[in-house]
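Comments concern the structure below.
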Number of protein chains: 4
Amino acid sequence: MRVRYAETDQMGVVYHTHYLVWCEVGRTDYIREWAMPYARLEQEGCVLAVAEVNIRYLAAARYDDLVHVTTWIERVQSRAITFGYSLASERDCTQQRIATATIKLIALDGAGAPRTLPDHLLRRFREEVDTNTN
Amino acid sequence: MRVRYAETDQMGVVYHTHYLVWCEVGRTDYIREWAMPYARLEQEGCVLAVAEVNIRYLAAARYDDLVHVTTWIERVQSRAITFGYSLASERDCTQQRIATATIKLIALDGAGAPRTLPDHLLRRFREEVDTNTN
Amino acid sequence: MRVRYAETDQMGVVYHTHYLVWCEVGRTDYIREWAMPYARLEQEGCVLAVAEVNIRYLAAARYDDLVHVTTWIERVQSRAITFGYSLASERDCTQQRIATATIKLIALDGAGAPRTLPDHLLRRFREEVDTNTN
Amino acid sequence: MRVRYAETDQMGVVYHTHYLVWCEVGRTDYIREWAMPYARLEQEGCVLAVAEVNIRYLAAARYDDLVHVTTWIERVQSRAITFGYSLASERDCTQQRIATATIKLIALDGAGAPRTLPDHLLRRFREEVDTNTN
């Protein structure tokens with residue numbers, strides 16, 4: 001995805017919270033590819049709310065850079081899932097790592113109360129983690 | 001309201017769409033003061049959706065400036081209301097006009113279909129316009 | 001471009017100012033394709049600042065929709081250029097027009113003073129308008 | 001500070017990255033009150049760039065809530081400073097804690113290279129930490 005002018009700040013670099021929006025785009029694409037669109041998950045009465053964010057900034061992204069987000073599942077619990085991210089920016093064909101992050105999401109029902117993740121999703125998430133660690 | 005770092009872009013000035021967010025803060029304060037909190041209006045099944053925006057930028061706002069929004073009602077229709085705005089920024093005790101705008105809002109019900117504005121609101125909006133033009 | 005979760009508001013639709021960010025992405029792609037990256041223009045000491053925005057909202061875009069932006073040049077002046085935009089969103093393979101807009105940009109030098117557009121750009125912009133109107 | 005409509009998402013609550021923007025507003029006010037405006041610090045050739053963010057979300061903030069940010073200095077190093085934050089939202093006169101966070105900032109010079117914090121700032125930051133821990 002290409003860095004938008006709206007995402008820069010007066011330091012001439014990307015304002016730090018936009019990295020987290022990119023993580024979300026990465027996560028959404030990731031879930032869509034091997035499971036289901038996140039929009040459908042919400043229609044099933046399960047929203048994933050951000051419970052914890054840890055991010056380390058390594059270098060600055062700049063306007064018009066291409067940003068690449070690598071997303072993986074770090075940990076699965078019955079009511080929560082933690083994603084890991086590695087962000088890189090590309091400029092003149094050279095890539096640079098700009099951040100690493102983990103974001104923990106908890107499952108909520110329509111009323112905002114904690115619930116367990118839908119079984120089919122839980123099963124797929126766990127398979128995914130097993131595949132990655134073997 | 002003070003300009004936030006997050007609102008600047010790499011030109012060193014405020015990114016243009018934030019002026020419209022400030023207009024909304026001005027409008028919300030305006031409605032709250034003489035009528036009712038906008039949040040309650042939504043609970044009554046009436047949302048005001050932005051239908052048209054016209055804004056002219058006169059000067060740049062900068063980080064840490066104080067922004068003043070003057071809001072008035074420009075026109076009232078049974079299903080729509082148009083607000084007028086004048087924005088000024090203050091720095092070192094001197095004020096400068098930075099933009100003028102009009103934003104037309106249409107009333108929608110919970111399902112997103114056009115509806116007329118609640119009577120009590122319509123009456124108050126019209127009184128307000130009469131007061132301003134006399 | 002796909003609608004991001006961060007771009008929605010509590011009405012369940014996209015918050016109105018993001019349409020203008022998409023217009024900018026459309027404009028940037030447009031300039032890149034037939035002329036030069038906008039980033040290089042800034043390095044040449046010419047920034048394009050938004051001077052006027054007019055946008056009419058026709059329908060709501062929603063999370064996960066695909067947004068298509070059509071960009072064209074509406075008018076060229078020696079110190080200003082006005083772009084026209086048509087925005088459509090796509091969901092389940094049907095497209096819907098969601099907004100039309102015009103955005104006028106003025107050319108500024110590094111110090112923020114008005115200047116004329118670089119000759120090579122002015123020439124290309126004008127050719128483009130002629131092509132469109134013939 | 002009052003929650004803006006632009007800050008909500010389609011879950012009907014505030015989108016998570018805005019909490020970090022509020023932290024920044026809290027930090028800016030904090031530095032302004034007992035030391036100097038951050039804008040002046042940047043003019044002196046010292047920018048504070050976000051190097052690490054850790055935030056835990058405890059409850060959701062909603063549109064029109066009043067948000068209170070408590071800011072303190074968690075740790076001072078010669079080239080970095082870590083702020084701690086506690087965020088609460090207020091609605092109908094009852095307050096609720098909505099998040100706790102730490103944000104580590106590193107000092108950069110105009111060219112983006114790491115530098116030590118200006119002496120006068122370092123001294124004041126350290127006094128502040130001593131006062132808090134005694």
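Chain labels follow the order of the structure tokens: the first chain is A, the next B, and so on; residue numbering restarts at 1 in every chain, and ligands are counted from 1 in their shown order.
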DSSP strand (DSSP E or B) selection over chain B, as number ranges by chain: B: 2, 8, 14, 47-57, 66-77, 80-91, 94-108, 114
Can you spit out the residues from that selection as a compact mmCIF listing (two decimals), in the first residue's frame, using C-alpha atoms?
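Output contents, as saved in selection-v7.txt:
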# COMPACT_ATOMS: atom_id res chain seq x y z
CA ARG B 2 -5.56 23.58 19.86
CA THR B 8 -0.24 18.43 10.49
CA VAL B 14 -2.65 21.31 8.96
CA VAL B 47 -29.07 11.04 12.15
CA LEU B 48 -27.75 14.04 10.29
CA ALA B 49 -25.64 12.90 7.35
CA VAL B 50 -23.32 15.21 5.45
CA ALA B 51 -24.73 15.74 1.94
CA GLU B 52 -22.62 18.57 0.62
CA VAL B 53 -19.45 20.40 1.64
CA ASN B 54 -18.06 23.64 0.24
CA ILE B 55 -14.94 25.05 1.80
CA ARG B 56 -12.50 27.78 0.82
CA TYR B 57 -9.06 27.82 2.41
CA LEU B 66 -5.62 27.91 18.76
CA VAL B 67 -8.48 27.40 16.33
CA HIS B 68 -11.78 29.28 16.75
CA VAL B 69 -14.88 28.10 14.89
CA THR B 70 -17.89 30.38 14.44
CA THR B 71 -20.99 28.42 13.46
CA TRP B 72 -24.36 29.65 12.25
CA ILE B 73 -27.40 28.30 10.46
CA GLU B 74 -27.39 29.31 6.82
CA ARG B 75 -30.61 27.66 5.65
CA VAL B 76 -33.33 25.36 7.00
CA GLN B 77 -35.42 22.96 4.90
CA ALA B 80 -32.06 19.39 5.48
CA ILE B 81 -30.12 22.05 7.28
CA THR B 82 -27.13 24.02 6.05
CA PHE B 83 -24.56 25.39 8.49
CA GLY B 84 -22.13 28.19 7.78
CA TYR B 85 -18.65 28.35 9.34
CA SER B 86 -15.86 30.82 9.71
CA LEU B 87 -12.54 29.47 11.01
CA ALA B 88 -9.77 31.56 12.52
CA SER B 89 -6.45 30.55 14.03
CA GLU B 90 -4.66 32.39 16.80
CA ARG B 91 -0.92 32.58 17.32
CA THR B 94 -3.12 37.67 16.63
CA GLN B 95 -6.02 36.06 14.84
CA GLN B 96 -6.22 35.22 11.16
CA ARG B 97 -9.16 33.92 9.19
CA ILE B 98 -8.19 30.54 7.73
CA ALA B 99 -11.35 29.27 6.04
CA THR B 100 -15.04 29.72 5.35
CA ALA B 101 -17.36 26.81 4.70
CA THR B 102 -20.92 25.62 4.32
CA ILE B 103 -22.00 22.08 5.12
CA LYS B 104 -25.43 20.73 4.21
CA LEU B 105 -26.79 17.91 6.35
CA ILE B 106 -29.80 15.77 5.54
CA ALA B 107 -31.93 13.95 8.09
CA LEU B 108 -31.99 10.14 7.88
CA PRO B 114 -34.51 10.40 4.24
Alpha helix (DSSP H) call set, DSSP backbone run, region 1-133 of chain C, as an MDAnalysis selection string: chainID C and resid 18:34 38:43 119:133
Spatial neighbours of Asp119 (chain A), max dist 12 Å, only C-alpha atoms, sep filter under 3 positions, as an MDAnalysis selection string: chainID A and resid 46 77:79 115:116 122:126
Restrict the selected residues to all heavy atoms and save them as a compact mmCIF listing (two decimals), in the first residue's frame.
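Writing the result to result08.txt gives the following:
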# COMPACT_ATOMS: atom_id res chain seq x y z
N CYS A 46 -19.85 -11.42 16.24
CA CYS A 46 -18.57 -11.49 16.93
C CYS A 46 -17.68 -10.35 16.45
O CYS A 46 -17.32 -10.30 15.28
CB CYS A 46 -17.89 -12.83 16.65
SG CYS A 46 -16.25 -12.96 17.37
N GLN A 77 -5.93 -17.85 22.08
CA GLN A 77 -6.61 -18.23 23.32
C GLN A 77 -8.09 -18.33 22.99
O GLN A 77 -8.52 -17.85 21.94
CB GLN A 77 -6.37 -17.17 24.41
CG GLN A 77 -4.90 -17.07 24.84
CD GLN A 77 -4.58 -15.72 25.47
OE1 GLN A 77 -4.40 -14.72 24.76
NE2 GLN A 77 -4.52 -15.69 26.79
N SER A 78 -8.90 -18.93 23.87
CA SER A 78 -10.29 -19.16 23.49
C SER A 78 -11.05 -17.84 23.29
O SER A 78 -11.97 -17.77 22.49
CB SER A 78 -10.99 -20.03 24.54
OG SER A 78 -10.97 -19.37 25.78
N ARG A 79 -10.66 -16.79 24.01
CA ARG A 79 -11.35 -15.51 23.89
C ARG A 79 -10.48 -14.41 23.28
O ARG A 79 -10.88 -13.24 23.26
CB ARG A 79 -11.78 -15.01 25.28
CG ARG A 79 -12.87 -15.82 25.92
CD ARG A 79 -12.83 -15.71 27.43
NE ARG A 79 -13.96 -16.41 28.00
CZ ARG A 79 -15.10 -15.84 28.37
NH1 ARG A 79 -15.26 -14.54 28.26
NH2 ARG A 79 -16.10 -16.56 28.85
N ARG A 115 -16.78 -12.96 24.79
CA ARG A 115 -17.32 -14.24 24.39
C ARG A 115 -16.16 -15.09 23.84
O ARG A 115 -15.05 -14.59 23.63
CB ARG A 115 -18.40 -14.10 23.32
CG ARG A 115 -18.00 -13.23 22.11
CD ARG A 115 -18.89 -13.50 20.92
NE ARG A 115 -18.55 -14.78 20.33
CZ ARG A 115 -19.22 -15.35 19.34
NH1 ARG A 115 -20.29 -14.75 18.82
NH2 ARG A 115 -18.85 -16.52 18.84
N THR A 116 -16.39 -16.37 23.62
CA THR A 116 -15.33 -17.17 23.00
C THR A 116 -15.39 -16.97 21.48
O THR A 116 -16.43 -16.62 20.93
CB THR A 116 -15.50 -18.67 23.31
OG1 THR A 116 -16.83 -19.03 22.94
CG2 THR A 116 -15.29 -18.94 24.78
N LEU A 122 -11.55 -20.55 15.59
CA LEU A 122 -10.58 -20.99 16.59
C LEU A 122 -9.75 -22.15 16.04
O LEU A 122 -8.53 -22.18 16.17
CB LEU A 122 -11.37 -21.43 17.84
CG LEU A 122 -10.68 -21.33 19.20
CD1 LEU A 122 -10.07 -19.95 19.41
CD2 LEU A 122 -11.70 -21.60 20.31
N ARG A 123 -10.46 -23.11 15.40
CA ARG A 123 -9.79 -24.27 14.84
C ARG A 123 -8.78 -23.85 13.76
O ARG A 123 -7.64 -24.29 13.75
CB ARG A 123 -10.85 -25.22 14.24
CG ARG A 123 -10.47 -26.66 14.34
CD ARG A 123 -11.69 -27.57 14.24
NE ARG A 123 -12.67 -27.05 13.29
CZ ARG A 123 -13.97 -26.90 13.57
NH1 ARG A 123 -14.44 -27.24 14.75
NH2 ARG A 123 -14.80 -26.42 12.67
N ARG A 124 -9.22 -22.95 12.89
CA ARG A 124 -8.33 -22.51 11.80
C ARG A 124 -7.15 -21.71 12.34
O ARG A 124 -6.03 -21.84 11.85
CB ARG A 124 -9.12 -21.67 10.80
CG ARG A 124 -10.24 -22.46 10.13
CD ARG A 124 -10.46 -22.03 8.72
NE ARG A 124 -9.25 -22.12 7.91
CZ ARG A 124 -9.22 -21.92 6.61
NH1 ARG A 124 -10.35 -21.61 5.97
NH2 ARG A 124 -8.12 -22.00 5.93
N PHE A 125 -7.42 -20.84 13.31
CA PHE A 125 -6.32 -20.06 13.90
C PHE A 125 -5.27 -21.01 14.50
O PHE A 125 -4.07 -20.82 14.32
CB PHE A 125 -6.85 -19.13 15.00
CG PHE A 125 -7.55 -17.88 14.48
CD1 PHE A 125 -8.60 -17.30 15.21
CD2 PHE A 125 -7.16 -17.26 13.30
CE1 PHE A 125 -9.24 -16.15 14.76
CE2 PHE A 125 -7.80 -16.10 12.85
CZ PHE A 125 -8.84 -15.56 13.57
N ARG A 126 -5.76 -22.06 15.21
CA ARG A 126 -4.82 -22.97 15.90
C ARG A 126 -4.01 -23.79 14.91
O ARG A 126 -2.81 -24.01 15.10
CB ARG A 126 -5.59 -23.87 16.86
CG ARG A 126 -5.95 -23.07 18.12
CD ARG A 126 -6.49 -23.93 19.24
NE ARG A 126 -6.56 -23.13 20.47
CZ ARG A 126 -7.60 -23.11 21.32
NH1 ARG A 126 -8.65 -23.89 21.08
NH2 ARG A 126 -7.56 -22.36 22.40
For Asp9 (chain C): contacts at 10 Å, only C-alpha atoms, fewer than 6 positions along chain excluded, given as a list in words: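 Residues meeting the cut-off are Tyr15, His16, Arg62 and Tyr63 of chain C; Tyr5, Ala6, Glu7, Thr8, Asp9, Gln10, Met11, Gly12, Val13, Val14, Tyr15 and Tyr63 of chain D.
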Would you mind exporting N, CA and C atoms of the selected residues as a PDB file, in the first residue's frame?
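The resulting file, part-v8.pdb, is reproduced below:
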ATOM      1  N   TYR C  15     -16.718   7.850   7.380  1.00  0.00           N
ATOM      2  CA  TYR C  15     -16.762   9.243   7.812  1.00  0.00           C
ATOM      3  C   TYR C  15     -16.439  10.146   6.616  1.00  0.00           C
ATOM      4  N   HIS C  16     -17.192  11.245   6.482  1.00  0.00           N
ATOM      5  CA  HIS C  16     -17.194  11.978   5.215  1.00  0.00           C
ATOM      6  C   HIS C  16     -15.857  12.538   4.751  1.00  0.00           C
ATOM      7  N   ARG C  62     -19.145   1.691   2.655  1.00  0.00           N
ATOM      8  CA  ARG C  62     -19.097   0.888   3.874  1.00  0.00           C
ATOM      9  C   ARG C  62     -17.782   0.132   3.981  1.00  0.00           C
ATOM     10  N   TYR C  63     -17.520  -0.317   5.204  1.00  0.00           N
ATOM     11  CA  TYR C  63     -16.308  -1.085   5.479  1.00  0.00           C
ATOM     12  C   TYR C  63     -16.157  -2.234   4.479  1.00  0.00           C
TER      13      TYR C  63
ATOM     14  N   TYR D   5     -16.999  13.036  16.616  1.00  0.00           N
ATOM     15  CA  TYR D   5     -17.667  12.030  15.779  1.00  0.00           C
ATOM     16  C   TYR D   5     -16.653  11.331  14.864  1.00  0.00           C
ATOM     17  N   ALA D   6     -15.738  12.106  14.357  1.00  0.00           N
ATOM     18  CA  ALA D   6     -14.715  11.572  13.451  1.00  0.00           C
ATOM     19  C   ALA D   6     -13.879  10.488  14.106  1.00  0.00           C
ATOM     20  N   GLU D   7     -13.895  10.423  15.443  1.00  0.00           N
ATOM     21  CA  GLU D   7     -13.048   9.474  16.152  1.00  0.00           C
ATOM     22  C   GLU D   7     -13.736   8.132  16.421  1.00  0.00           C
ATOM     23  N   THR D   8     -15.025   8.037  16.102  1.00  0.00           N
ATOM     24  CA  THR D   8     -15.726   6.777  16.320  1.00  0.00           C
ATOM     25  C   THR D   8     -15.538   5.853  15.116  1.00  0.00           C
ATOM     26  N   ASP D   9     -15.827   4.563  15.312  1.00  0.00           N
ATOM     27  CA  ASP D   9     -15.844   3.639  14.184  1.00  0.00           C
ATOM     28  C   ASP D   9     -17.171   2.891  14.185  1.00  0.00           C
ATOM     29  N   GLN D  10     -17.334   1.919  13.312  1.00  0.00           N
ATOM     30  CA  GLN D  10     -18.670   1.331  13.150  1.00  0.00           C
ATOM     31  C   GLN D  10     -19.071   0.400  14.294  1.00  0.00           C
ATOM     32  N   MET D  11     -18.166   0.135  15.238  1.00  0.00           N
ATOM     33  CA  MET D  11     -18.555  -0.574  16.466  1.00  0.00           C
ATOM     34  C   MET D  11     -19.313   0.385  17.388  1.00  0.00           C
ATOM     35  N   GLY D  12     -19.341   1.660  17.047  1.00  0.00           N
ATOM     36  CA  GLY D  12     -20.025   2.645  17.884  1.00  0.00           C
ATOM     37  C   GLY D  12     -19.137   3.177  18.997  1.00  0.00           C
ATOM     38  N   VAL D  13     -17.861   2.836  18.931  1.00  0.00           N
ATOM     39  CA  VAL D  13     -16.926   3.314  19.952  1.00  0.00           C
ATOM     40  C   VAL D  13     -15.759   4.021  19.272  1.00  0.00           C
ATOM     41  N   VAL D  14     -14.860   4.538  20.075  1.00  0.00           N
ATOM     42  CA  VAL D  14     -13.727   5.257  19.501  1.00  0.00           C
ATOM     43  C   VAL D  14     -12.741   4.279  18.876  1.00  0.00           C
ATOM     44  N   TYR D  15     -12.290   4.596  17.687  1.00  0.00           N
ATOM     45  CA  TYR D  15     -11.290   3.767  17.016  1.00  0.00           C
ATOM     46  C   TYR D  15      -9.985   3.820  17.812  1.00  0.00           C
ATOM     47  N   TYR D  63     -18.728   8.478  21.627  1.00  0.00           N
ATOM     48  CA  TYR D  63     -18.956   9.827  21.105  1.00  0.00           C
ATOM     49  C   TYR D  63     -19.513  10.747  22.186  1.00  0.00           C
TER      50      TYR D  63
END
Nearest candidate to Leu121 (chain B) (options B:Ala61, B:Ile31, B:Leu20, B:Cys93; using only C-alpha atoms):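 Ranked by minimum distance to Leu121 (chain B), first place goes to B:Ile31.
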Chain A residues near chain C (7 Å cut-off, only C-alpha atoms) as an MDAnalysis selection string: chainID A and resid 4 6 21 25
Atom pair CA of Asp109 (chain A) / CA of Glu42 (chain A): separation (Å):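 Computing the Euclidean distance for CA of Asp109 (chain A) and CA of Glu42 (chain A) yields 8.9 Å.
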Gap from CA of Val129 (chain B) to CA of Leu117 (chain B) - Å, one decimal: 15.5 Å
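Here CA of Thr17 (chain C) and CA of Thr17 (chain B) stand 5.8 Å from one another.
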